[in-house]
>>> print(open('coords.txt').read())   # compact mmCIF, C-alpha atoms
# COMPACT_ATOMS: atom_id res chain seq x y z
CA MET A 158 142.49 122.23 59.06
CA ASP A 159 145.92 123.50 58.05
CA GLU A 160 146.71 122.66 54.40
CA SER A 161 150.27 124.04 54.34
CA ASN A 162 152.77 123.00 51.69
CA ARG A 163 155.17 121.00 53.85
CA GLN A 164 158.08 121.29 51.42
CA LEU A 165 157.77 125.07 51.48
CA CYS A 166 157.53 125.08 55.27
CA GLU A 167 160.76 123.09 55.46
CA ILE A 168 162.48 125.58 53.13
CA ILE A 169 161.30 128.52 55.26
CA GLY A 170 162.33 126.75 58.45
CA GLN A 171 165.78 126.06 57.02
CA GLN A 172 166.20 129.71 56.02
CA ILE A 173 165.24 130.79 59.53
CA ALA A 174 167.69 128.30 61.07
CA GLU A 175 170.52 129.59 58.86
CA SER A 176 169.82 133.28 59.56
CA PRO A 177 172.20 135.03 62.00
CA ASN A 178 169.53 135.61 64.66
CA LYS A 179 167.47 132.52 63.78
CA ARG A 180 164.70 134.72 62.43
CA ILE A 181 163.59 136.42 59.21
CA THR A 182 161.53 139.54 58.58
CA PHE A 183 157.88 139.19 57.69
CA ALA A 184 158.75 140.61 54.25
CA GLU A 185 161.19 137.72 53.71
CA TYR A 186 158.57 135.25 54.92
CA MET A 187 155.85 136.70 52.66
CA ASP A 188 158.23 136.67 49.68
CA LEU A 189 158.95 132.96 50.20
CA VAL A 190 155.29 132.07 50.78
CA LEU A 191 154.08 133.82 47.64
CA TYR A 192 157.02 133.82 45.25
CA HIS A 193 159.36 130.89 45.98
CA ARG A 194 160.24 129.67 42.48
CA GLN A 195 159.00 126.11 43.02
CA HIS A 196 156.59 126.13 45.93
CA GLY A 197 155.31 129.71 46.35
CA TYR A 198 151.59 130.41 45.97
CA TYR A 199 152.00 132.30 42.71
CA ALA A 200 154.71 130.01 41.34
CA THR A 201 152.59 126.85 41.42
CA ASN A 202 149.39 125.84 39.69
CA GLN A 203 147.63 126.08 43.07
CA VAL A 204 146.56 129.68 42.41
CA ASN A 205 142.77 129.66 42.46
CA ILE A 206 141.52 132.95 41.04
CA GLY A 207 137.92 133.64 40.08
CA THR A 208 134.49 134.27 41.55
CA LYS A 209 134.57 130.76 43.05
CA GLY A 210 138.29 130.79 43.95
CA ASP A 211 140.46 132.14 46.75
CA PHE A 212 139.81 135.64 45.44
CA PHE A 213 138.58 137.39 42.30
CA THR A 214 139.51 140.61 40.53
CA SER A 215 137.56 143.04 38.33
CA PRO A 216 138.26 141.14 35.05
CA HIS A 217 136.49 138.07 36.48
CA LEU A 218 133.20 139.97 36.39
CA GLY A 219 133.25 140.15 32.58
CA ALA A 220 134.93 142.04 29.76
CA ASP A 221 133.64 145.50 30.72
CA PHE A 222 136.54 146.41 33.01
CA GLY A 223 139.12 145.69 30.31
CA GLU A 224 137.06 147.35 27.61
CA LEU A 225 136.69 150.57 29.61
CA LEU A 226 140.43 150.58 30.36
CA ALA A 227 141.00 150.14 26.61
CA GLU A 228 139.10 153.38 26.04
CA GLN A 229 141.52 155.13 28.39
CA PHE A 230 144.57 153.59 26.72
CA PHE A 231 143.30 154.73 23.31
CA GLU A 232 142.95 158.31 24.58
CA MET A 233 146.48 158.17 26.03
CA TRP A 234 147.76 157.10 22.60
CA GLU A 235 145.98 160.06 20.99
CA ILE A 236 147.32 162.55 23.54
CA LEU A 237 150.88 161.34 22.93
CA GLY A 238 150.49 161.96 19.20
CA LYS A 239 149.74 158.35 18.17
CA PRO A 240 153.28 156.98 18.56
CA ALA A 241 154.12 153.76 16.74
CA PRO A 242 154.73 151.53 18.52
CA PHE A 243 152.72 152.33 21.63
CA GLN A 244 153.82 149.94 24.36
CA LEU A 245 151.24 148.82 26.88
CA VAL A 246 153.06 147.09 29.74
CA GLU A 247 150.88 145.06 32.10
CA MET A 248 152.65 144.13 35.32
CA GLY A 249 151.31 141.05 37.07
CA ALA A 250 148.73 139.91 34.49
CA GLY A 251 147.13 137.13 36.54
CA GLN A 252 145.53 134.61 34.22
CA GLY A 253 145.67 136.96 31.23
CA LEU A 254 141.96 137.80 31.24
CA LEU A 255 142.47 141.55 31.32
CA ALA A 256 144.98 141.44 28.45
CA ALA A 257 142.53 139.38 26.40
CA ASP A 258 139.65 141.81 27.04
CA VAL A 259 141.75 144.88 26.18
CA LEU A 260 143.19 143.39 23.00
CA LYS A 261 139.86 142.01 21.71
CA TYR A 262 138.17 145.36 22.24
CA LEU A 263 140.93 147.33 20.52
CA HIS A 264 140.97 144.89 17.59
CA LYS A 265 137.23 145.41 17.10
CA HIS A 266 136.83 149.13 17.81
CA TYR A 267 140.25 150.80 17.35
CA PHE A 268 142.08 148.71 14.79
CA ASP A 269 144.52 151.50 13.89
CA PHE A 270 145.63 151.55 17.53
CA PHE A 271 145.68 147.74 17.71
CA GLU A 272 148.04 147.62 14.73
CA VAL A 273 150.70 149.79 16.40
CA LEU A 274 150.21 148.38 19.90
CA GLU A 275 152.93 146.30 21.50
CA TYR A 276 151.48 144.50 24.53
CA VAL A 277 154.17 143.53 27.03
CA ILE A 278 153.51 141.36 30.09
CA VAL A 279 155.93 141.47 33.03
CA GLU A 280 155.35 138.33 35.07
CA LYS A 281 157.72 136.17 37.11
CA ALA A 282 155.41 133.29 38.10
CA ALA A 283 156.03 130.47 35.60
CA ALA A 284 152.65 128.82 36.21
CA LEU A 285 150.80 132.08 35.51
CA ILE A 286 152.83 132.73 32.35
CA GLU A 287 151.76 129.34 30.99
CA GLU A 288 148.13 130.11 31.76
CA GLN A 289 148.42 133.55 30.15
CA LYS A 290 149.95 132.08 27.00
CA HIS A 291 147.14 129.54 26.77
CA ILE A 292 144.41 132.16 27.13
CA LEU A 293 146.08 134.64 24.75
CA SER A 294 147.18 132.15 22.07
CA LYS A 295 144.15 132.88 19.86
CA LEU A 296 144.90 136.62 19.92
CA LEU A 297 148.41 135.92 18.66
CA ARG A 298 146.81 134.29 15.61
CA PHE A 299 144.74 137.44 15.11
CA GLY A 300 147.93 139.48 14.85
CA ALA A 301 148.33 140.80 18.37
CA ASN A 302 151.89 142.00 19.02
CA LEU A 303 152.33 140.35 22.38
CA ARG A 304 155.40 139.36 24.34
CA TRP A 305 156.57 138.43 27.83
CA CYS A 306 159.49 140.22 29.44
CA ARG A 307 161.50 140.31 32.67
CA TRP A 308 162.54 143.63 34.19
CA GLU A 309 166.21 142.94 33.54
CA GLU A 310 165.43 142.52 29.83
CA MET A 311 163.83 145.98 29.62
CA PRO A 312 166.40 148.81 29.09
CA ALA A 313 166.14 152.13 30.93
CA GLU A 314 163.83 154.69 29.31
CA SER A 315 162.84 152.23 26.58
CA ILE A 316 159.04 152.42 26.89
CA THR A 317 156.75 154.89 25.16
CA GLY A 318 153.19 154.19 26.20
CA CYS A 319 151.70 153.11 29.51
CA PHE A 320 152.70 150.87 32.40
CA PHE A 321 149.64 149.57 34.23
CA SER A 322 148.75 147.15 36.99
CA ASN A 323 145.57 145.89 38.59
CA GLU A 324 145.89 144.45 42.10
CA LEU A 325 149.63 143.95 41.92
CA VAL A 326 151.11 146.24 44.59
CA ASP A 327 148.91 144.75 47.34
CA ALA A 328 150.75 141.42 46.90
CA LEU A 329 154.28 142.82 47.25
CA PRO A 330 156.02 141.64 50.46
CA VAL A 331 155.60 143.99 53.43
CA HIS A 332 157.49 144.54 56.66
CA GLN A 333 155.34 144.42 59.78
CA PHE A 334 155.99 146.65 62.77
CA LEU A 335 154.70 147.18 66.29
CA ILE A 336 154.84 150.11 68.70
CA LYS A 337 156.22 148.74 71.97
CA ASP A 338 157.19 150.83 74.97
CA GLY A 339 156.90 153.92 72.80
CA GLN A 340 159.43 152.56 70.29
CA LEU A 341 159.13 151.30 66.74
CA LYS A 342 159.86 147.55 66.64
CA GLU A 343 159.84 145.10 63.78
CA ILE A 344 157.98 141.79 63.77
CA TYR A 345 160.13 138.78 62.86
CA ILE A 346 159.30 135.16 62.12
CA THR A 347 161.10 132.33 63.89
CA ASN A 348 160.68 128.56 64.14
CA ASN A 349 158.24 127.29 66.74
CA SER A 350 159.42 124.25 68.72
CA ILE A 351 156.79 124.21 71.47
CA SER A 352 153.54 124.25 69.51
CA PRO A 353 151.90 122.50 66.53
CA ALA A 354 152.22 125.81 64.68
CA LEU A 355 155.40 125.79 62.60
CA PHE A 356 156.23 129.48 62.96
CA LYS A 357 155.84 132.18 65.58
CA GLU A 358 156.44 135.92 65.83
CA GLU A 359 158.91 137.87 67.91
CA THR A 360 159.79 141.55 67.98
CA GLY A 361 163.18 143.19 67.62
CA GLU A 362 165.04 146.22 66.37
CA LEU A 363 164.28 147.39 62.85
CA SER A 364 165.99 145.34 60.15
CA THR A 365 166.62 148.51 58.13
CA PRO A 366 166.53 152.26 58.90
CA GLU A 367 164.39 152.62 55.77
CA ILE A 368 161.33 151.62 57.81
CA ALA A 369 161.64 154.64 60.13
CA LYS A 370 162.49 156.88 57.16
CA TYR A 371 159.33 155.68 55.43
CA PHE A 372 157.12 157.43 57.96
CA GLU A 373 159.01 160.69 57.57
CA PHE A 374 158.55 160.24 53.83
CA VAL A 375 154.75 159.89 54.00
CA GLY A 376 154.30 162.43 56.80
CA ILE A 377 153.14 160.16 59.63
CA ASP A 378 154.41 160.77 63.20
CA LEU A 379 154.10 157.35 64.79
CA LEU A 380 156.14 158.13 67.90
CA GLY A 381 154.74 161.56 68.74
CA GLY A 382 152.47 160.18 71.45
CA SER A 383 149.18 159.80 69.61
CA TYR A 384 149.69 156.11 68.75
CA GLU A 385 149.30 153.69 71.67
CA ASP A 386 151.51 150.72 72.49
CA GLY A 387 150.38 147.63 70.62
CA TYR A 388 149.63 149.53 67.41
CA ARG A 389 150.59 147.28 64.51
CA SER A 390 150.71 147.75 60.76
CA GLU A 391 152.82 147.29 57.62
CA VAL A 392 155.41 149.12 55.54
CA ASN A 393 155.74 148.30 51.84
CA LEU A 394 159.33 149.13 50.95
CA ALA A 395 159.06 146.83 47.92
CA ALA A 396 156.42 149.17 46.46
CA LEU A 397 158.91 152.05 46.52
CA GLU A 398 161.48 149.92 44.71
CA TRP A 399 158.82 148.81 42.21
CA MET A 400 157.82 152.40 41.47
CA GLN A 401 161.45 153.33 40.89
CA THR A 402 161.85 150.39 38.50
CA VAL A 403 158.77 151.41 36.51
CA ALA A 404 159.74 155.09 36.31
CA ASN A 405 163.25 154.16 35.21
CA ARG A 406 161.95 152.13 32.24
CA LEU A 407 159.43 154.75 31.09
CA GLN A 408 160.68 157.31 28.61
CA ARG A 409 157.38 158.94 27.71
CA GLY A 410 153.83 158.19 28.71
CA TYR A 411 151.81 157.13 31.72
CA VAL A 412 151.76 154.88 34.78
CA LEU A 413 148.30 153.64 35.82
CA THR A 414 148.02 151.81 39.15
CA ILE A 415 144.74 150.26 40.31
CA ASP A 416 144.55 148.66 43.74
CA TYR A 417 142.79 148.73 47.07
CA GLY A 418 144.32 151.06 49.61
CA TYR A 419 144.34 154.52 51.12
CA LEU A 420 146.32 157.70 51.36
CA ALA A 421 148.80 157.52 54.26
CA GLU A 422 146.75 159.51 56.77
CA ARG A 423 143.87 157.06 56.45
CA TYR A 424 146.09 153.98 56.09
CA TYR A 425 147.80 154.67 59.40
CA SER A 426 144.65 155.74 61.21
CA ARG A 427 145.01 155.30 64.97
CA GLN A 428 141.79 153.26 64.92
CA ARG A 429 143.26 150.67 62.52
CA ARG A 430 145.37 149.03 65.22
CA GLU A 431 145.93 145.68 63.50
CA GLY A 432 147.00 146.90 60.07
CA THR A 433 145.51 145.71 56.79
CA LEU A 434 147.07 142.28 56.22
CA GLN A 435 144.60 139.75 54.83
CA CYS A 436 144.80 136.12 53.70
CA TYR A 437 142.49 134.57 51.09
CA TYR A 438 141.78 130.85 50.98
CA GLN A 439 138.86 128.91 49.49
CA HIS A 440 136.30 131.71 49.17
CA ALA A 441 137.08 133.22 52.58
CA HIS A 442 139.48 135.73 54.11
CA HIS A 443 141.17 135.78 57.49
CA ASN A 444 144.30 137.29 59.07
CA ASP A 445 146.51 134.29 59.92
CA PRO A 446 149.46 134.09 57.50
CA TYR A 447 150.98 131.08 59.29
CA ILE A 448 148.45 128.49 58.17
CA ASN A 449 147.84 127.12 54.65
CA VAL A 450 151.42 128.18 53.88
CA GLY A 451 151.90 128.32 50.11
CA ARG A 452 148.21 127.54 49.53
CA GLN A 453 146.69 130.96 50.24
CA ASP A 454 147.14 134.51 49.05
CA ILE A 455 148.47 137.18 51.42
CA THR A 456 147.92 140.88 50.73
CA ALA A 457 148.15 144.27 52.40
CA HIS A 458 146.47 147.51 51.34
CA VAL A 459 148.42 150.02 49.26
CA ASP A 460 149.70 153.34 50.62
CA PHE A 461 149.00 155.64 47.67
CA THR A 462 150.75 158.57 49.32
CA ALA A 463 153.99 156.58 49.19
CA LEU A 464 153.47 155.77 45.50
CA GLN A 465 152.75 159.41 44.68
CA ARG A 466 155.80 160.74 46.53
CA GLN A 467 158.14 158.03 45.28
CA GLY A 468 156.93 158.74 41.76
CA ALA A 469 157.75 162.42 42.17
CA LEU A 470 161.28 161.52 43.28
CA CYS A 471 161.60 159.42 40.11
CA ARG A 472 160.51 162.25 37.78
CA LEU A 473 156.90 161.14 37.44
CA GLN A 474 154.35 163.93 37.28
CA PRO A 475 151.01 163.57 39.11
CA VAL A 476 148.05 163.32 36.74
CA GLY A 477 145.23 162.33 39.07
CA PHE A 478 143.85 160.02 41.74
CA ALA A 479 140.28 158.71 41.74
CA GLN A 480 138.05 155.94 43.01
CA GLN A 481 137.62 153.06 40.56
CA GLY A 482 133.83 153.49 40.49
CA LEU A 483 134.04 157.13 39.40
CA PHE A 484 136.92 156.36 37.01
CA LEU A 485 134.92 153.67 35.21
CA MET A 486 131.74 155.77 35.20
CA ALA A 487 133.65 158.56 33.46
CA LEU A 488 134.82 156.03 30.85
CA GLY A 489 131.27 154.89 30.09
CA LEU A 490 130.22 152.35 32.74
CA GLY A 491 127.01 154.28 33.41
CA ASP A 492 126.11 154.15 29.72
CA ARG A 493 126.56 150.39 29.74
CA ILE A 494 124.27 150.00 32.75
CA ALA A 495 121.64 152.23 31.11
CA ALA A 496 121.85 150.27 27.86
CA LEU A 497 120.86 147.08 29.68
CA SER A 498 117.41 148.54 30.26
CA ASN A 499 116.85 148.72 26.51
CA MET A 500 118.19 145.28 25.65
CA GLN A 501 115.78 142.79 24.11
CA THR A 502 116.63 139.36 25.44
CA GLN A 503 114.92 136.09 26.23
CA ASP A 504 117.38 135.33 29.03
CA ILE A 505 116.44 137.60 31.93
CA SER A 506 118.82 135.76 34.28
CA ASP A 507 121.79 136.58 32.02
CA LEU A 508 120.70 140.22 31.94
CA LEU A 509 120.50 140.35 35.73
CA ARG A 510 123.92 138.72 36.11
CA ARG A 511 125.48 141.27 33.78
CA ARG A 512 123.78 144.14 35.59
CA GLU A 513 125.04 142.82 38.93
CA ALA A 514 128.59 142.52 37.56
CA LEU A 515 128.56 146.13 36.34
CA HIS A 516 127.29 147.34 39.69
CA GLN A 517 130.03 145.43 41.50
CA LEU A 518 132.66 147.33 39.50
CA MET A 519 131.35 150.60 40.98
CA ASN A 520 130.21 149.41 44.41
CA PRO A 521 131.69 151.93 46.93
CA MET A 522 131.85 149.16 49.55
CA GLY A 523 133.97 146.95 47.28
CA LEU A 524 135.74 147.25 43.94
CA GLY A 525 134.37 150.74 43.33
CA ASN A 526 136.39 152.04 46.27
CA PHE A 527 139.72 150.90 44.81
CA GLY A 528 142.20 153.67 44.11
CA VAL A 529 143.25 154.63 40.58
CA LEU A 530 146.53 156.53 40.48
CA ILE A 531 147.80 157.99 37.20
CA GLN A 532 151.24 159.53 36.75
CA SER A 533 153.12 160.65 33.64
CA LYS A 534 156.63 161.25 32.36
CA GLY A 535 158.08 163.04 29.34
CA LEU A 536 154.92 164.88 28.29
CA ASN A 537 155.19 168.37 26.80
CA GLU A 538 153.15 171.24 28.20
CA GLU A 539 150.32 170.84 25.69
CA GLU A 540 150.03 167.12 26.46
CA LYS A 541 150.08 167.78 30.20
CA GLY A 542 147.22 170.23 29.71
CA ARG A 543 144.92 167.60 28.20
CA SER A 544 142.82 165.89 30.85
CA LEU A 545 142.14 162.17 30.78
CA LYS A 546 138.56 161.03 30.32
CA GLY A 547 138.71 158.63 33.26
CA LEU A 548 139.60 161.47 35.62
CA SER A 549 136.76 163.75 34.49
CA VAL A 550 133.69 164.00 36.71
CA PRO A 551 131.02 161.72 35.21
CA VAL A 552 127.74 163.36 34.31
CA MET A 553 124.91 161.64 36.15
>>> encode(input="coords.txt", output="structure tokens")
Amino acid sequence: MDESNRQLCEIIGQQIAESPNKRITFAEYMDLVLYHRQHGYYATNQVNIGTKGDFFTSPHLGADFGELLAEQFFEMWEILGKPAPFQLVEMGAGQGLLAADVLKYLHKHYFDFFEVLEYVIVEKAAALIEEQKHILSKLLRFGANLRWCRWEEMPAESITGCFFSNELVDALPVHQFLIKDGQLKEIYITNNSISPALFKEETGELSTPEIAKYFEFVGIDLLGGSYEDGYRSEVNLAALEWMQTVANRLQRGYVLTIDYGYLAERYYSRQRREGTLQCYYQHAHHNDPYINVGRQDITAHVDFTALQRQGALCRLQPVGFAQQGLFLMALGLGDRIAALSNMQTQDISDLLRRREALHQLMNPMGLGNFGVLIQSKGLNEEEKGRSLKGLSVPVM
């Protein structure tokens, strides 16, 4: 049964009707569905995140993910010469669970770092900001230097520290395209007057030449003859703009991006003919973005090649790229799993749940296969020469 937000559907339909060709790009549609200020999925209190929700992220499995990231942030602070303040900018903080885990761990284990840390959250969804403030209110009483900020409030080259995100880029609006008659066509959304479905797709010329340029940028020859008609996928131009925004605000430090995705060659594999778009609703995923409008999450995998190359254009230096499982193992996840064997506890079920959660973080068929991309800016040669613990090969 379709549980669409009818008010949002009317707003989308009106925007389509007022557009010059009576259609909008899929990127415009996805932006409205997820981020409309009143009725978008992330803008309302309908967002259902957690192990029993529409979807869950690594922080929902316990504090370990945030605590291991905190170890990496502490090392970054040391490499940069312990600047005060060190600004840790989380972009798209969800419910605030990850921020809470990082700050609690630093307060307990690295208080000197905690004292000089300025934790900044960049979030535009009002409902999520309220939830974050509720969850993090106790940490404010413990002296955490925590604030919320919009991009336009953050001056250029004002941040010394680390920008980081976990499962943010996958939710940025994407353009969808199709190869038709050997040509690159864009998929548009228009109103549907002959079916119960409110919206339907049609194809047309590209809405912007940036889509074709994107494939030159990432080194993929879509029209060279090896991709068959009907091949369909996505282009995330918003991710390039996002990377430019981040690099522009960073004066000195790191950018750490964690998400599910591939390098371009694998992303645009000829065998992946339907792209990577997924919808998440009530514990299940499917690929129909035109139902449950405003009530479900919509995501697409991340093209890490694009992020790497856009970063280079914006004066970011490559530091490393790893799978999340190996990254967390290098930061001590394996030690935590081993320590469970020596724990004395009466509650064996709690021990098994914790063990399962730790294994999920490194599962190569799930969260462990996420990509971890680290870039830097403004480091001197000595600092560039120091390797990060999370990118070292874990000793098994």
>>> residues_around(input="coords.txt", residues="Gln164 (chain A)", least_positions_apart="3", cutoff="10 Å", atoms="all atoms listed in the file", output="ChimeraX atom specification")
/A:161,167-170,195-196,450-451
>>> write_last_selection(input="coords.txt", atoms="C-alpha atoms", output="mmCIF file, in the frame of the given file")
data_model
loop_
_atom_site.group_PDB
_atom_site.id
_atom_site.type_symbol
_atom_site.label_atom_id
_atom_site.label_comp_id
_atom_site.auth_asym_id
_atom_site.auth_seq_id
_atom_site.Cartn_x
_atom_site.Cartn_y
_atom_site.Cartn_z
ATOM 1 C CA SER A 161 150.270 124.040 54.340
ATOM 2 C CA GLU A 167 160.760 123.090 55.460
ATOM 3 C CA ILE A 168 162.480 125.580 53.130
ATOM 4 C CA ILE A 169 161.300 128.520 55.260
ATOM 5 C CA GLY A 170 162.330 126.750 58.450
ATOM 6 C CA GLN A 195 159.000 126.110 43.020
ATOM 7 C CA HIS A 196 156.590 126.130 45.930
ATOM 8 C CA VAL A 450 151.420 128.180 53.880
ATOM 9 C CA GLY A 451 151.900 128.320 50.110
#
>>> residues_around(input="coords.txt", residues="Glu540 (chain A)", least_positions_apart="4", cutoff="7 Å", atoms="all atoms listed in the file", output="JSON list (two decimals) with C-alpha atoms, in the frame of the given file")
[["chain", "number", "residue", "atom", "x", "y", "z"],
["A", 236, "ILE", "CA", 147.32, 162.55, 23.54],
["A", 237, "LEU", "CA", 150.88, 161.34, 22.93],
["A", 536, "LEU", "CA", 154.92, 164.88, 28.29]]
>>> residues_around(input="coords.txt", residues="Thr347 (chain A)", least_positions_apart="3", cutoff="8 Å", atoms="only C-alpha atoms", output="list in words")
Gly170, Ile173, Lys179, Arg180, Ile181, Phe356, Lys357, Glu358 and Glu359 of chain A
>>> write_last_selection(input="coords.txt", atoms="C-alpha atoms", output="short mmCIF file (atom, residue, chain, number, x, y, z; two decimals), in the coordinates of the input")
data_model
loop_
_atom_site.label_atom_id
_atom_site.label_comp_id
_atom_site.auth_asym_id
_atom_site.auth_seq_id
_atom_site.Cartn_x
_atom_site.Cartn_y
_atom_site.Cartn_z
CA GLY A 170 162.33 126.75 58.45
CA ILE A 173 165.24 130.79 59.53
CA LYS A 179 167.47 132.52 63.78
CA ARG A 180 164.70 134.72 62.43
CA ILE A 181 163.59 136.42 59.21
CA PHE A 356 156.23 129.48 62.96
CA LYS A 357 155.84 132.18 65.58
CA GLU A 358 156.44 135.92 65.83
CA GLU A 359 158.91 137.87 67.91
#
>>> closest_residue(input="coords.txt", among="A:Gln439, A:Ser322, A:Asn444, A:Thr182", to="Leu363 (chain A)", atoms="only C-alpha atoms")
A:Thr182
>>> residues_around(input="coords.txt", residues="Val459 (chain A)", least_positions_apart="5", cutoff="10 Å", atoms="all atoms listed in the file", output="list in words")
Glu324, Leu325, Val326, Asp327, Ala328, Leu329, Glu391, Val392, Asn393, Ala396, Ile415, Asp416, Tyr417, Gly418, Tyr419, Leu420, Ala421, Tyr424, Thr433, Leu464, Phe527 and Gly528 of chain A
>>> residues_around(input="coords.txt", residues="region 239-247 of chain A", least_positions_apart="5", cutoff="7 Å", atoms="all atoms listed in the file", output="ChimeraX atom specification")
/A:234,273-279,316-322
>>> write_last_selection(input="coords.txt", atoms="C-alpha atoms", output="mmCIF file, in the coordinates of the input")
data_model
loop_
_atom_site.group_PDB
_atom_site.id
_atom_site.type_symbol
_atom_site.label_atom_id
_atom_site.label_comp_id
_atom_site.auth_asym_id
_atom_site.auth_seq_id
_atom_site.Cartn_x
_atom_site.Cartn_y
_atom_site.Cartn_z
ATOM 1 C CA TRP A 234 147.760 157.100 22.600
ATOM 2 C CA VAL A 273 150.700 149.790 16.400
ATOM 3 C CA LEU A 274 150.210 148.380 19.900
ATOM 4 C CA GLU A 275 152.930 146.300 21.500
ATOM 5 C CA TYR A 276 151.480 144.500 24.530
ATOM 6 C CA VAL A 277 154.170 143.530 27.030
ATOM 7 C CA ILE A 278 153.510 141.360 30.090
ATOM 8 C CA VAL A 279 155.930 141.470 33.030
ATOM 9 C CA ILE A 316 159.040 152.420 26.890
ATOM 10 C CA THR A 317 156.750 154.890 25.160
ATOM 11 C CA GLY A 318 153.190 154.190 26.200
ATOM 12 C CA CYS A 319 151.700 153.110 29.510
ATOM 13 C CA PHE A 320 152.700 150.870 32.400
ATOM 14 C CA PHE A 321 149.640 149.570 34.230
ATOM 15 C CA SER A 322 148.750 147.150 36.990
#
>>> atom_distance(input="coords.txt", atom1="CA of Ser506 (chain A)", atom2="CA of His442 (chain A)")
28.6 Å
>>> atom_distance(input="coords.txt", atom1="CA of Arg307 (chain A)", atom2="CA of Glu287 (chain A)")
14.8 Å
>>> closest_residue(input="coords.txt", among="A:Val529, A:Ala282, A:Leu260, A:Met486", to="Gly197 (chain A)", atoms="all atoms listed in the file")
A:Ala282
>>> closest_residue(input="coords.txt", among="A:Leu473, A:Leu548, A:Leu285, A:Leu497", to="Arg409 (chain A)", atoms="all atoms listed in the file")
A:Leu473
>>> atom_distance(input="coords.txt", atom1="CA of Arg304 (chain A)", atom2="CA of Leu218 (chain A)")
25.3 Å
>>> closest_residue(input="coords.txt", among="A:Gln252, A:Gln480, A:Asn323, A:Gln340", to="Asp378 (chain A)", atoms="only C-alpha atoms")
A:Gln340
>>> residues_near_point(input="coords.txt", point="(160.6, 150.3, 61.2)", cutoff="9 Å", atoms="all atoms listed in the file", output="list of chain:residue names")
A:His332, A:Gln333, A:Phe334, A:Leu335, A:Leu341, A:Lys342, A:Glu343, A:Glu362, A:Leu363, A:Ser364, A:Thr365, A:Pro366, A:Glu367, A:Ile368, A:Ala369, A:Lys370, A:Tyr371, A:Phe372, A:Val392
>>> axis_aligned_box(input="coords.txt", around="region 356-361 of chain A", padding_each_side="5 Å", output="lines of an AutoDock Vina configuration file")
center_x = 159.5
center_y = 136.3
center_z = 65.5
size_x = 17.3
size_y = 23.7
size_z = 15.0
>>> closest_residue(input="coords.txt", among="A:Val331, A:Ala301, A:Leu263, A:Ala395", to="Ile455 (chain A)", atoms="all atoms listed in the file")
A:Val331
>>> decode(input="coords.txt", residues="region 169-190 of chain A", atoms="C-alpha atoms", output="mmCIF file, in the first residue's frame")
data_model
loop_
_atom_site.group_PDB
_atom_site.id
_atom_site.type_symbol
_atom_site.label_atom_id
_atom_site.label_comp_id
_atom_site.auth_asym_id
_atom_site.auth_seq_id
_atom_site.Cartn_x
_atom_site.Cartn_y
_atom_site.Cartn_z
ATOM 1 C CA ILE A 169 6.009 18.133 -6.539
ATOM 2 C CA GLY A 170 3.138 17.979 -9.018
ATOM 3 C CA GLN A 171 2.793 21.756 -8.945
ATOM 4 C CA GLN A 172 6.523 22.215 -9.567
ATOM 5 C CA ILE A 173 6.319 19.856 -12.528
ATOM 6 C CA ALA A 174 3.285 21.707 -13.928
ATOM 7 C CA GLU A 175 5.103 25.052 -13.644
ATOM 8 C CA SER A 176 8.332 23.805 -15.268
ATOM 9 C CA PRO A 177 8.919 24.866 -18.903
ATOM 10 C CA ASN A 178 8.673 21.318 -20.295
ATOM 11 C CA LYS A 179 6.250 20.062 -17.625
ATOM 12 C CA ARG A 180 8.965 17.862 -16.158
ATOM 13 C CA ILE A 181 11.781 17.968 -13.602
ATOM 14 C CA THR A 182 15.045 16.054 -13.358
ATOM 15 C CA PHE A 183 15.278 13.098 -11.027
ATOM 16 C CA ALA A 184 17.782 15.121 -8.968
ATOM 17 C CA GLU A 185 15.134 17.824 -8.456
ATOM 18 C CA TYR A 186 12.566 15.171 -7.551
ATOM 19 C CA MET A 187 14.912 13.452 -5.076
ATOM 20 C CA ASP A 188 15.801 16.802 -3.501
ATOM 21 C CA LEU A 189 12.117 17.586 -2.902
ATOM 22 C CA VAL A 190 11.318 14.097 -1.615
#
